[in-house]
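Asker: I am sharing input36.cif, which consists of mmCIF, C-alpha atoms:
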data_my_file
#
loop_
_atom_site.label_atom_id
_atom_site.label_comp_id
_atom_site.auth_asym_id
_atom_site.auth_seq_id
_atom_site.Cartn_x
_atom_site.Cartn_y
_atom_site.Cartn_z
CA MET P 59 12.85 6.10 -12.82
CA LYS P 60 16.31 5.16 -14.07
CA ASN P 61 18.02 7.87 -12.01
CA PHE P 62 15.70 7.68 -9.00
CA ASN P 63 16.52 5.34 -6.15
CA PRO P 64 14.10 5.83 -3.25
CA ALA P 65 16.36 4.10 -0.73
CA ASP P 66 19.10 6.68 -1.43
CA ASN P 67 16.65 9.47 -0.67
CA ILE P 68 15.75 7.85 2.65
CA GLN P 69 19.42 7.28 3.51
CA ASP P 70 20.29 10.92 2.82
CA LEU P 71 17.80 12.17 5.40
CA GLN P 72 19.63 13.06 8.60
CA TYR P 73 17.79 14.36 11.66
CA PHE P 74 19.21 15.28 15.05
CA GLY P 75 17.29 14.88 18.27
CA GLU P 76 16.77 17.79 20.62
CA PHE P 77 19.83 16.80 22.66
CA GLY P 78 21.94 15.57 19.75
CA GLY P 79 20.34 12.14 19.55
CA VAL P 80 20.75 10.10 16.36
CA ASN P 81 16.95 9.69 16.31
CA PRO P 82 14.72 12.77 16.17
CA SER P 83 13.06 13.69 19.46
CA ILE P 84 9.46 12.52 19.90
CA SER P 85 6.96 15.35 20.35
CA ASP P 86 4.81 13.86 23.10
CA SER P 87 2.34 16.75 23.24
CA SER P 88 -1.18 17.24 21.95
CA THR P 89 -1.00 21.04 22.04
CA TYR P 90 1.75 23.66 21.77
CA THR P 91 2.38 27.00 23.39
CA PHE P 92 2.96 30.39 21.75
CA LEU P 93 5.04 33.33 22.94
CA SER P 94 2.53 35.78 21.50
CA ALA P 95 -1.17 35.82 20.65
CA LYS P 96 -0.37 37.10 17.15
CA THR P 97 1.76 34.03 16.42
CA MET P 98 -1.19 31.81 17.39
CA PHE P 99 -3.46 33.77 15.04
CA ASP P 100 -0.96 33.56 12.19
CA THR P 101 -0.56 29.81 12.71
CA PHE P 102 -4.35 29.33 12.56
CA GLU P 103 -4.34 31.26 9.30
CA GLY P 104 -1.54 29.09 7.90
CA ASN P 105 0.90 31.98 7.67
CA MET P 106 3.52 30.83 10.16
CA GLU P 107 6.21 28.25 9.37
CA GLY P 108 7.88 26.23 12.11
CA CYS P 109 5.13 26.70 14.69
CA TYR P 110 2.86 23.94 15.92
CA LEU P 111 -0.71 24.46 16.98
CA TYR P 112 -2.40 21.17 17.84
CA SER P 113 -1.33 17.62 17.03
CA ARG P 114 -4.45 16.81 15.03
CA HIS P 115 -3.12 19.34 12.53
CA SER P 116 0.56 18.38 12.63
CA SER P 117 3.36 17.54 15.01
CA PRO P 118 7.15 17.50 14.68
CA SER P 119 7.26 13.69 14.76
CA ASN P 120 4.67 13.38 12.02
CA LEU P 121 6.40 15.97 9.88
CA TYR P 122 9.70 14.06 10.10
CA LEU P 123 7.91 10.97 8.77
CA ASP P 124 6.03 13.05 6.17
CA LYS P 125 9.34 14.32 4.80
CA ALA P 126 10.90 10.85 4.69
CA LEU P 127 7.97 9.24 2.87
CA ALA P 128 7.72 12.11 0.39
CA ALA P 129 11.44 11.64 -0.33
CA MET P 130 10.84 7.92 -0.84
CA GLU P 131 8.03 8.51 -3.35
CA GLY P 132 9.55 11.57 -5.00
CA THR P 133 6.66 13.91 -4.19
CA GLU P 134 6.77 17.45 -2.82
CA THR P 135 5.38 16.44 0.56
CA ALA P 136 3.17 13.95 2.38
CA ASN P 137 0.67 13.58 5.22
CA VAL P 138 0.71 10.58 7.55
CA SER P 139 -2.47 9.20 9.11
CA ALA P 140 -3.59 6.72 11.74
CA SER P 141 -4.36 3.94 9.22
CA GLY P 142 -4.26 3.14 5.52
CA MET P 143 -7.99 3.82 5.29
CA GLY P 144 -7.30 7.05 7.17
CA ALA P 145 -5.22 8.08 4.16
CA ILE P 146 -7.48 6.70 1.40
CA THR P 147 -10.83 8.05 2.56
CA PRO P 148 -9.88 11.71 3.19
CA THR P 149 -7.90 11.78 -0.06
CA LEU P 150 -10.91 10.69 -2.13
CA LEU P 151 -13.31 12.92 -0.20
CA GLN P 152 -11.01 15.90 -0.76
CA LEU P 153 -11.03 15.23 -4.50
CA CYS P 154 -14.74 14.45 -4.91
CA GLY P 155 -18.08 15.83 -3.81
CA SER P 156 -21.74 15.20 -4.48
CA GLY P 157 -22.38 14.45 -8.16
CA ASP P 158 -18.80 13.41 -8.89
CA HIS P 159 -17.67 10.06 -10.27
CA ILE P 160 -14.67 7.76 -9.70
CA VAL P 161 -13.32 5.07 -12.03
CA SER P 162 -11.66 2.41 -9.90
CA SER P 163 -9.92 -0.89 -10.38
CA ARG P 164 -12.29 -3.77 -9.61
CA THR P 165 -9.64 -5.61 -7.58
CA ILE P 166 -8.66 -3.44 -4.65
CA TYR P 167 -8.43 -3.85 -0.90
CA GLY P 168 -11.80 -4.89 0.51
CA GLY P 169 -12.07 -1.87 2.80
CA THR P 170 -11.50 0.52 -0.11
CA TYR P 171 -14.03 -1.38 -2.20
CA ALA P 172 -16.62 -1.17 0.59
CA PHE P 173 -15.97 2.56 1.02
CA LEU P 174 -16.52 3.24 -2.68
CA LYS P 175 -19.40 0.78 -3.15
CA ASN P 176 -21.37 1.32 0.06
CA PHE P 177 -20.35 4.58 1.74
CA THR P 178 -19.57 7.26 -0.84
CA PRO P 179 -22.96 6.84 -2.62
CA ARG P 180 -24.49 8.24 0.59
CA LEU P 181 -22.54 11.42 -0.22
CA GLY P 182 -23.60 11.47 -3.87
CA ILE P 183 -20.31 10.06 -5.20
CA LYS P 184 -20.57 7.17 -7.65
CA THR P 185 -17.90 4.66 -8.66
CA THR P 186 -17.53 2.45 -11.72
CA PHE P 187 -15.35 -0.62 -11.14
CA VAL P 188 -13.36 -1.81 -14.15
CA ASP P 189 -10.61 -4.19 -15.19
CA ILE P 190 -7.71 -1.79 -14.68
CA THR P 191 -5.44 -3.80 -17.00
CA LYS P 192 -7.59 -2.88 -20.03
CA LEU P 193 -6.90 0.76 -20.79
CA GLU P 194 -9.68 1.00 -23.40
CA VAL P 195 -12.20 -0.20 -20.78
CA VAL P 196 -10.89 2.35 -18.28
CA GLU P 197 -11.23 5.21 -20.76
CA ALA P 198 -14.71 4.08 -21.85
CA ALA P 199 -15.91 4.30 -18.22
CA ILE P 200 -15.00 8.00 -17.90
CA THR P 201 -17.90 10.45 -17.90
CA ALA P 202 -18.20 14.22 -17.71
CA GLU P 203 -18.55 13.84 -13.92
CA THR P 204 -15.41 11.73 -13.42
CA LYS P 205 -12.78 13.31 -11.18
CA VAL P 206 -10.50 10.42 -10.17
CA LEU P 207 -8.87 7.27 -11.54
CA TYR P 208 -8.07 4.95 -8.63
CA CYS P 209 -5.95 1.81 -8.64
CA GLU P 210 -3.38 -0.24 -6.78
CA THR P 211 0.05 -0.74 -8.37
CA VAL P 212 -0.35 -4.45 -7.67
CA SER P 213 -3.93 -5.32 -6.82
CA ASN P 214 -5.18 -6.96 -3.67
CA PRO P 215 -5.57 -9.93 -3.82
CA LEU P 216 -5.32 -11.00 -7.48
CA LEU P 217 -1.95 -9.31 -8.09
CA GLU P 218 -3.13 -7.59 -11.27
CA VAL P 219 -0.67 -4.89 -12.35
CA ALA P 220 -1.72 -1.37 -13.29
CA ASP P 221 0.01 0.28 -16.24
CA ILE P 222 0.59 3.53 -14.38
CA GLU P 223 2.11 5.38 -17.32
CA GLY P 224 -0.82 4.38 -19.53
CA LEU P 225 -3.35 5.37 -16.87
CA SER P 226 -1.54 8.67 -16.35
CA LYS P 227 -1.93 9.55 -20.03
CA ILE P 228 -5.66 8.82 -19.82
CA ALA P 229 -5.98 10.89 -16.64
CA LYS P 230 -4.19 13.87 -18.17
CA ARG P 231 -6.27 13.61 -21.35
CA HIS P 232 -9.47 13.90 -19.30
CA ASN P 233 -8.16 16.27 -16.60
CA LEU P 234 -8.48 13.65 -13.85
CA LYS P 235 -6.37 12.88 -10.79
CA LEU P 236 -4.64 9.49 -10.82
CA VAL P 237 -4.51 8.07 -7.28
CA VAL P 238 -2.35 4.97 -6.79
CA ASP P 239 -2.20 2.77 -3.70
CA ASN P 240 1.41 1.54 -3.69
CA THR P 241 1.20 -0.55 -0.49
CA PHE P 242 2.30 -3.81 -2.16
CA SER P 243 5.36 -2.36 -3.88
CA PRO P 244 7.29 0.26 -1.88
CA LEU P 245 10.75 1.03 -3.35
CA SER P 246 10.08 -1.38 -6.24
CA VAL P 247 7.73 1.05 -7.99
CA SER P 248 7.62 4.85 -7.74
CA PRO P 249 4.18 5.79 -9.15
CA ALA P 250 4.75 9.55 -8.99
CA LYS P 251 7.71 9.14 -11.34
CA LEU P 252 5.40 7.28 -13.74
CA GLY P 253 2.75 10.00 -13.76
CA ALA P 254 0.56 9.38 -10.69
CA ASP P 255 -0.73 12.54 -9.00
CA ILE P 256 -1.18 11.02 -5.54
CA VAL P 257 0.47 7.97 -3.97
CA ILE P 258 -0.97 6.23 -0.92
CA HIS P 259 0.46 3.58 1.40
CA SER P 260 -0.79 1.58 4.31
CA LEU P 261 2.24 2.00 6.56
CA THR P 262 0.92 -0.97 8.53
CA LYS P 263 2.38 -3.32 5.94
CA TYR P 264 5.89 -3.36 4.42
CA ILE P 265 6.99 0.13 5.42
CA ASN P 266 6.63 -0.55 9.14
CA GLY P 267 7.18 -4.27 8.67
CA SER P 268 6.66 -5.59 12.21
CA SER P 269 2.85 -5.88 12.46
CA ASP P 270 2.75 -3.75 15.60
CA THR P 271 1.49 -0.45 14.19
CA VAL P 272 -1.39 0.78 12.04
CA GLY P 273 -0.72 3.81 9.84
CA GLY P 274 -1.12 5.38 6.41
CA VAL P 275 0.26 8.16 4.24
CA THR P 276 -0.78 10.33 1.31
CA CYS P 277 2.14 11.54 -0.82
CA ALA P 278 1.35 14.40 -3.21
CA SER P 279 1.98 18.00 -4.14
CA GLN P 280 2.28 20.70 -1.51
CA GLU P 281 -0.92 22.24 -2.82
CA PHE P 282 -2.95 19.05 -2.36
CA ILE P 283 -1.54 18.22 1.08
CA ASP P 284 -2.22 21.80 2.19
CA SER P 285 -5.83 21.38 1.07
CA LEU P 286 -6.11 18.09 3.04
CA LYS P 287 -4.86 19.85 6.20
CA ASN P 288 -6.80 23.10 5.80
CA VAL P 289 -8.45 23.95 9.14
CA ASN P 290 -11.69 25.02 7.45
CA SER P 291 -12.13 22.54 4.59
CA GLY P 292 -9.47 19.84 4.78
CA ALA P 293 -10.77 16.27 4.95
CA SER P 294 -7.78 15.02 6.96
CA MET P 295 -7.98 17.93 9.38
CA LEU P 296 -11.74 17.72 9.89
CA LEU P 297 -12.17 13.94 9.93
CA GLY P 298 -9.24 13.59 12.33
CA PRO P 299 -7.34 10.43 11.25
CA THR P 300 -4.20 11.66 13.01
CA MET P 301 -1.19 9.44 13.56
CA ASP P 302 0.15 9.36 17.11
CA SER P 303 3.65 10.81 17.53
CA LEU P 304 5.00 7.69 19.24
CA ARG P 305 3.78 5.52 16.36
CA SER P 306 5.29 7.96 13.87
CA ALA P 307 8.67 7.64 15.54
CA SER P 308 8.38 3.84 15.48
CA VAL P 309 7.59 3.74 11.74
CA MET P 310 10.44 6.15 11.06
CA LYS P 311 12.96 3.75 12.63
CA ASN P 312 11.63 0.77 10.68
CA LEU P 313 11.65 2.73 7.41
CA ARG P 314 15.46 2.75 7.59
CA THR P 315 15.62 -1.03 6.96
CA LEU P 316 12.90 -1.19 4.28
CA HIS P 317 15.40 -1.60 1.42
CA ILE P 318 17.00 -4.65 3.05
CA ARG P 319 13.64 -6.23 3.84
CA MET P 320 12.11 -5.67 0.39
CA LYS P 321 15.06 -7.37 -1.30
CA GLN P 322 14.65 -10.45 0.89
CA HIS P 323 10.83 -10.52 0.59
CA SER P 324 11.18 -10.37 -3.20
CA HIS P 325 13.96 -12.95 -3.37
CA ASN P 326 11.99 -15.43 -1.27
CA ALA P 327 8.71 -14.90 -3.12
CA MET P 328 10.36 -15.36 -6.51
CA TYR P 329 12.05 -18.56 -5.34
CA LEU P 330 8.82 -20.09 -4.04
CA ALA P 331 6.74 -18.93 -7.03
CA GLU P 332 9.14 -20.52 -9.52
CA ARG P 333 9.27 -23.80 -7.59
CA PHE P 334 5.51 -24.16 -7.05
CA GLU P 335 4.71 -23.24 -10.66
CA LYS P 336 7.13 -25.95 -11.74
CA ASP P 337 5.37 -28.37 -9.36
CA GLY P 338 2.07 -27.71 -11.16
CA ILE P 339 0.33 -25.54 -8.55
CA LYS P 340 -1.57 -22.60 -10.08
CA THR P 341 0.75 -19.78 -9.06
CA VAL P 342 0.39 -16.03 -9.60
CA TYR P 343 3.40 -13.79 -9.03
CA PRO P 344 4.34 -10.71 -11.09
CA GLY P 345 7.91 -11.94 -11.38
CA LEU P 346 6.87 -15.04 -13.31
CA LYS P 347 6.90 -14.82 -17.09
CA SER P 348 3.48 -16.50 -17.03
CA HIS P 349 1.97 -13.42 -15.32
CA PRO P 350 -0.05 -11.53 -17.97
CA SER P 351 1.46 -8.20 -16.92
CA HIS P 352 4.99 -9.43 -16.27
CA GLU P 353 6.58 -7.26 -18.97
CA ILE P 354 4.69 -4.12 -17.90
CA TYR P 355 5.69 -4.63 -14.28
CA LYS P 356 9.27 -5.39 -15.26
CA SER P 357 9.39 -2.07 -17.12
CA MET P 358 8.07 -0.16 -14.05
CA ILE P 359 10.13 -1.60 -11.21
CA ASN P 360 13.44 -0.62 -9.76
CA PRO P 361 14.97 -4.08 -10.34
CA GLU P 362 17.15 -3.86 -7.24
CA TYR P 363 14.05 -4.46 -5.09
CA GLY P 364 12.47 -7.16 -7.24
CA PHE P 365 8.85 -8.05 -7.86
CA GLY P 366 7.63 -7.87 -4.27
CA GLY P 367 6.72 -10.36 -1.58
CA MET P 368 3.10 -11.15 -2.52
CA MET P 369 2.14 -14.42 -4.18
CA THR P 370 -1.05 -16.46 -4.63
CA LEU P 371 -1.55 -20.21 -4.95
CA ASP P 372 -4.86 -21.78 -5.97
CA VAL P 373 -5.42 -25.21 -4.44
CA GLY P 374 -8.92 -25.72 -5.82
CA THR P 375 -11.40 -25.39 -2.96
CA LEU P 376 -11.86 -23.43 0.27
CA VAL P 377 -11.76 -26.69 2.27
CA LYS P 378 -8.34 -27.53 0.83
CA ALA P 379 -7.10 -23.97 1.28
CA ASN P 380 -8.13 -23.91 4.94
CA ALA P 381 -6.60 -27.33 5.59
CA LEU P 382 -3.30 -26.27 4.04
CA MET P 383 -3.15 -22.99 5.95
CA GLU P 384 -3.92 -24.69 9.26
CA LEU P 385 -1.23 -27.32 8.63
CA MET P 386 1.38 -24.74 7.61
CA GLN P 387 0.66 -22.77 10.78
CA ALA P 388 0.98 -25.92 12.88
CA LYS P 389 4.38 -26.56 11.25
CA ASN P 390 5.57 -23.03 12.17
CA LEU P 391 5.75 -21.93 8.53
CA GLY P 392 3.81 -18.75 9.23
CA TYR P 393 0.51 -17.44 10.50
CA LEU P 394 -3.05 -17.79 9.27
CA ALA P 395 -3.61 -14.05 9.43
CA VAL P 396 -4.55 -11.06 7.32
CA SER P 397 -2.21 -8.16 6.50
CA LEU P 398 1.24 -8.37 4.94
CA GLY P 399 4.85 -7.27 5.19
CA PHE P 400 5.61 -9.16 8.42
CA TYR P 401 8.95 -10.93 8.91
CA LYS P 402 7.08 -14.26 9.15
CA THR P 403 4.97 -15.48 6.24
CA LEU P 404 1.26 -14.64 6.49
CA PHE P 405 -1.46 -16.46 4.56
CA SER P 406 -5.22 -16.12 4.20
CA ALA P 407 -8.07 -17.02 1.88
CA PRO P 408 -9.01 -13.52 0.69
CA GLY P 409 -12.50 -14.44 -0.50
CA THR P 410 -13.52 -15.03 3.11
CA SER P 411 -11.24 -12.43 4.72
CA THR P 412 -9.64 -9.30 3.25
CA SER P 413 -11.96 -9.28 0.20
CA SER P 414 -15.10 -10.56 1.91
CA GLU P 415 -16.73 -7.14 1.41
CA ILE P 416 -16.91 -7.93 -2.32
CA PRO P 417 -20.15 -9.79 -3.16
CA LEU P 418 -19.69 -13.44 -4.13
CA GLU P 419 -20.95 -12.97 -7.68
CA GLU P 420 -18.43 -10.16 -8.23
CA GLN P 421 -15.62 -12.26 -6.74
CA ILE P 422 -16.45 -14.98 -9.29
CA GLU P 423 -16.56 -12.45 -12.14
CA MET P 424 -13.11 -11.08 -11.31
CA GLY P 425 -11.57 -14.53 -10.87
CA LEU P 426 -11.32 -14.61 -7.07
CA THR P 427 -11.79 -18.33 -6.48
CA ASP P 428 -12.55 -20.25 -3.28
CA GLY P 429 -9.24 -22.09 -3.34
CA LEU P 430 -7.07 -18.98 -3.67
CA ILE P 431 -4.52 -18.43 -0.88
CA ARG P 432 -2.77 -15.09 -0.63
CA PHE P 433 0.76 -15.29 0.74
CA SER P 434 2.87 -12.48 2.15
CA ILE P 435 6.24 -14.22 2.03
CA GLY P 436 8.49 -13.57 5.03
CA LEU P 437 12.18 -12.96 5.54
CA ASP P 438 13.19 -16.62 5.91
CA ASN P 439 16.95 -17.08 5.70
CA ASP P 440 16.88 -20.57 4.11
CA ILE P 441 14.09 -20.37 1.56
CA GLU P 442 14.82 -23.84 0.16
CA ARG P 443 14.10 -25.24 3.64
CA THR P 444 10.82 -23.31 3.67
CA TYR P 445 9.92 -24.62 0.23
CA GLN P 446 10.54 -28.23 1.25
CA SER P 447 8.42 -27.78 4.38
CA MET P 448 5.54 -26.18 2.45
CA LYS P 449 5.74 -28.90 -0.19
CA ALA P 450 5.61 -31.58 2.51
CA CYS P 451 2.38 -30.01 3.82
CA MET P 452 0.90 -30.09 0.32
CA MET P 453 1.89 -33.71 -0.16
CA GLU P 454 0.40 -34.68 3.20
CA LEU P 455 -2.94 -33.22 2.02
CA ASN P 456 -2.62 -34.81 -1.43
CA LEU P 457 -2.36 -31.42 -3.14
CA LEU P 458 0.91 -32.59 -4.68
CA LYS P 459 2.10 -36.12 -5.48
#
With the file now loaded, output its structure as C-alpha cells.

Answerer:
Amino acid sequence: MKNFNPADNIQDLQYFGEFGGVNPSISDSSTYTFLSAKTMFDTFEGNMEGCYLYSRHSSPSNLYLDKALAAMEGTETANVSASGMGAITPTLLQLCGSGDHIVSSRTIYGGTYAFLKNFTPRLGIKTTFVDITKLEVVEAAITAETKVLYCETVSNPLLEVADIEGLSKIAKRHNLKLVVDNTFSPLSVSPAKLGADIVIHSLTKYINGSSDTVGGVTCASQEFIDSLKNVNSGASMLLGPTMDSLRSASVMKNLRTLHIRMKQHSHNAMYLAERFEKDGIKTVYPGLKSHPSHEIYKSMINPEYGFGGMMTLDVGTLVKANALMELMQAKNLGYLAVSLGFYKTLFSAPGTSTSSEIPLEEQIEMGLTDGLIRFSIGLDNDIERTYQSMKACMMELNLLK
C-alpha cells in the first residue's frame, strides 16, 4: 500500500481517440464485422485478441474503462457492468453453485443482503451473516461447503470497517475467495493490495459522482474475469448485465476527477463529524477516534484521500429523523434521497430505505436504529457555513440546545 497510489495509475493512462481525440472514441455498435469467417470462429473460441464480436461480450469503450478501474484497484483486469448489483450477483454466482456456502458481513447493502438471503437459497446456495469485525466469529462460521467470504470495506449503513488483511489470512487458510465491495472507499483503500481476491464497486456512486449513471465493476485476476465472460459458462456473459458504451465513456471522464472529489468529500465529512460529536449528537465516522475500528481503518487507508464521505447521525426516533431531513432539504442543504457520492449532500433513514430489505428484528440486533440518518457529504466549498446551517435546523427541531 505504501508505494501504491491509485490516482497515479489512473493519471498515467493515456488513450487516443480514433481521430486523435484526447478522449477515446465511443464504440456505438452492438455488433462487429469480420474480414474472414475464420476470425469470427477464433473470436468465439476466445483465441483472437483485438477483435470484437458482440457488445454483450465486450466493446472497446467498456475495455477502456475495465483497464482504468483495474489500474485503480491494482488487479490484473476488470469487467464493467450495467449496475453495482450487475457486478455483485454474477461474481457470486460464478464462485458458488448448489450446495455451496457463503460467509457474509451482516451489514451490507440491502440489495446484496436480499440477494443472499432470499434469492440464492433458490439455487441451493446458503449464507451465514456474521459480525465481520470479529474475526473469530467469521472463522467459526466457515464450513466444509464455504467458498466465499464477502464484506464491504466500510459497511452500508453502519460504517463498520472490515479488517481486510485479517479476513484475507482466514480466507487463504480455508482456501476461500475474499470478495470485497469497496464502493464507499475508492482510492482511500485498495483491498487487492491487502489480500482481497476480488474487488467490486458500484460505479453509480463516488466513481461516477454525478448521480446520472448506474454501473458496476468486478476487478480481479485475468483468469476469473475470463471465466465471468466465457461464452458457454460465464455468469456475466450469460446473465447479460452489460454496460452501455455511452455510459462507459461518461464514467471514464468522471473517473479522472475522482481524486479531487474524494479529498473534498473526506475533508467535509471529517469536519462535520468532529463538530457534531462535540455538540453531543451520536456520530459515527471512521475518521473519529471514537469509532471502534478507527485504528484498523487508519492502517488501511491511503491518508491522502482521508476517511471517506459517509457519516451517520442518530437523532433518536424516525419521526425526528424525517423532520430533520425534510427541513435540511427545504433549506437547500441537500436532498432526501438514497445513493451516495453526489456533489450535493444526500441523506436518508436507511432502516426504511436502503436497508429496508433487512427484517426489523435483524436491524435491531445489528444496531440499525430508527433515528439513524445516513449522510453522503457533498463537495461544499464552505463547510463551516454548511455546519452552521445544519446546526440551525437541529436547534429549530430541539435536537440541539

Asker: Residues picked by the PyMOL selection byres ((chain P and resi 251) around 12) here, as a ChimeraX atom specification?

Answerer: /P:59-64,129-134,222-223,226,238,245-250,252-257,278,358-360

Asker: Please return, as a PyMOL selection string, all polymer residues that have at least one atom within 10 Å of the point (12.5, -4.0, -1.1); use all atoms listed in the file and the file's own coordinate frame.

Answerer: chain P and resi 65+243-247+264-265+315-325+360-367

Asker: Translate the PyMOL selection byres ((chain P and resi 161) around 8), as applied to the file shown, into an explicit residue set as a PyMOL selection string.

Answerer: chain P and resi 159-160+162-163+185-188+196+199-200+204+206-208

Asker: Any chance you could resolve the PyMOL selection byres ((chain P and resi 384) around 12) against this file and give the residues as a ChimeraX atom specification?

Answerer: /P:377-383,385-395,404-407,431,448,451-452,455

Asker: What is the CA of Leu127 in chain P to CA of Ser87 in chain P distance in Å?

Answerer: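 Atom-to-atom, CA of Leu127 in chain P to CA of Ser87 in chain P, that is 22.4 Å.
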
Asker: Find the distance between CA of Gly142 in chain P and CA of Thr241 in chain P and write it in Å to one decimal.

Answerer: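 That distance, rounded to one decimal, is 8.9 Å.
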
Asker: Quick one: residues within 12 Å of (-7.0, 6.1, -1.4) (file frame), counting all atoms listed in the file, please, as a ChimeraX atom specification.

Answerer: /P:139,141-154,160,162-163,166-167,169-171,173-174,206-210,235-241,255-260,274-278

Asker: Show me, as a list in words, the residues that have an atom within 10 Å of Ala331 in chain P when counting all atoms listed in the file, minus same-chain residues fewer than 4 positions from it.

Answerer: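 What passes the distance filter is Asn326, Ala327, Glu335, Lys336, Asp337, Ile339, Lys340, Thr341, Val342, Tyr343, Pro344, Gly345, Leu346, Met368, Met369, Thr370, Leu371 and Tyr445 of chain P.
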
Asker: Edge lengths and centre in Å to one decimal, as JSON, of the axis-aligned box that encloses all listed atoms of range 308-316 of chain P with 6 Å added on every side?

Answerer:
{"center_x": 11.6, "center_y": 2.5, "center_z": 9.9, "size_x": 20.0, "size_y": 19.3, "size_z": 23.2}

Asker: Have a look at P:Gly224, P:Leu217, P:Val212, P:Gly168 and name the one nearest to Glu197 in chain P; count all atoms listed in the file.

Answerer: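 Looking at the shortest contact to Glu197 in chain P, the residue is P:Gly224.
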
Asker: Find the residues near Asp221 in chain P: any atom within 9 Å, counting all atoms listed in the file, skip ones fewer than 3 places away on the same chain, and give them as a ChimeraX atom specification.

Answerer: /P:190-191,193,211,224-226,351,354-355,358

Asker: Give me, as a PyMOL selection string, all polymer residues having an atom no more than 8 Å from range 114-120 of chain P, counting all atoms listed in the file and skipping those fewer than 5 positions away in the same chain.

Answerer: chain P and resi 82-85+88+137-138+287+289+295+298-304+306-307

Asker: Based on the selection just made, write C-alpha atoms of those residues as an mmCIF file, keeping the file's coordinate frame.

Answerer:
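Writing the result to part_7.cif gives the following:
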data_model
loop_
_atom_site.group_PDB
_atom_site.id
_atom_site.type_symbol
_atom_site.label_atom_id
_atom_site.label_comp_id
_atom_site.auth_asym_id
_atom_site.auth_seq_id
_atom_site.Cartn_x
_atom_site.Cartn_y
_atom_site.Cartn_z
ATOM 1 C CA PRO P 82 14.720 12.770 16.170
ATOM 2 C CA SER P 83 13.060 13.690 19.460
ATOM 3 C CA ILE P 84 9.460 12.520 19.900
ATOM 4 C CA SER P 85 6.960 15.350 20.350
ATOM 5 C CA SER P 88 -1.180 17.240 21.950
ATOM 6 C CA ASN P 137 0.670 13.580 5.220
ATOM 7 C CA VAL P 138 0.710 10.580 7.550
ATOM 8 C CA LYS P 287 -4.860 19.850 6.200
ATOM 9 C CA VAL P 289 -8.450 23.950 9.140
ATOM 10 C CA MET P 295 -7.980 17.930 9.380
ATOM 11 C CA GLY P 298 -9.240 13.590 12.330
ATOM 12 C CA PRO P 299 -7.340 10.430 11.250
ATOM 13 C CA THR P 300 -4.200 11.660 13.010
ATOM 14 C CA MET P 301 -1.190 9.440 13.560
ATOM 15 C CA ASP P 302 0.150 9.360 17.110
ATOM 16 C CA SER P 303 3.650 10.810 17.530
ATOM 17 C CA LEU P 304 5.000 7.690 19.240
ATOM 18 C CA SER P 306 5.290 7.960 13.870
ATOM 19 C CA ALA P 307 8.670 7.640 15.540
#

Asker: Quick one, how far is CA of Asp372 in chain P from CA of Ile441 in chain P?

Answerer: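 Atom-to-atom, CA of Asp372 in chain P and CA of Ile441 in chain P are spaced 20.4 Å apart.
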
Asker: So, with all atoms listed in the file as the atoms that count, which of P:Leu93, P:Leu297, P:Leu457, P:Ile68 lies closest to Gly374 in chain P?

Answerer: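 Of P:Leu93, P:Leu297, P:Leu457, P:Ile68, the one nearest Gly374 in chain P, counting all atoms listed in the file, is P:Leu457.
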
Asker: Please determine, counting only C-alpha atoms, which residue among P:Val80, P:Ala126, P:Leu216, P:Ile183 has the shortest atom-to-atom distance to Asn67 in chain P.

Answerer: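 Of all the options, P:Ala126 lies closest to Asn67 in chain P.
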
Asker: Which of these, P:Gln69, P:Ala220, P:Leu234, P:Asn214, has the shortest distance to Thr201 in chain P once you count all atoms listed in the file?

Answerer: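 Going through P:Gln69, P:Ala220, P:Leu234, P:Asn214 one by one, the smallest distance to Thr201 in chain P is for P:Leu234.
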
Asker: Given only C-alpha atoms as the basis, pick out the residue of P:Asp440, P:Glu218, P:Glu454, P:Ser308 nearest to Gly267 in chain P.

Answerer: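 Distance minimum relative to Gly267 in chain P lands on P:Ser308.
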
Asker: Which is closer to Leu123 in chain P than all the others in P:Leu296, P:Met310, P:Ile228, P:Leu286, using all atoms listed in the file?

Answerer: P:Met310
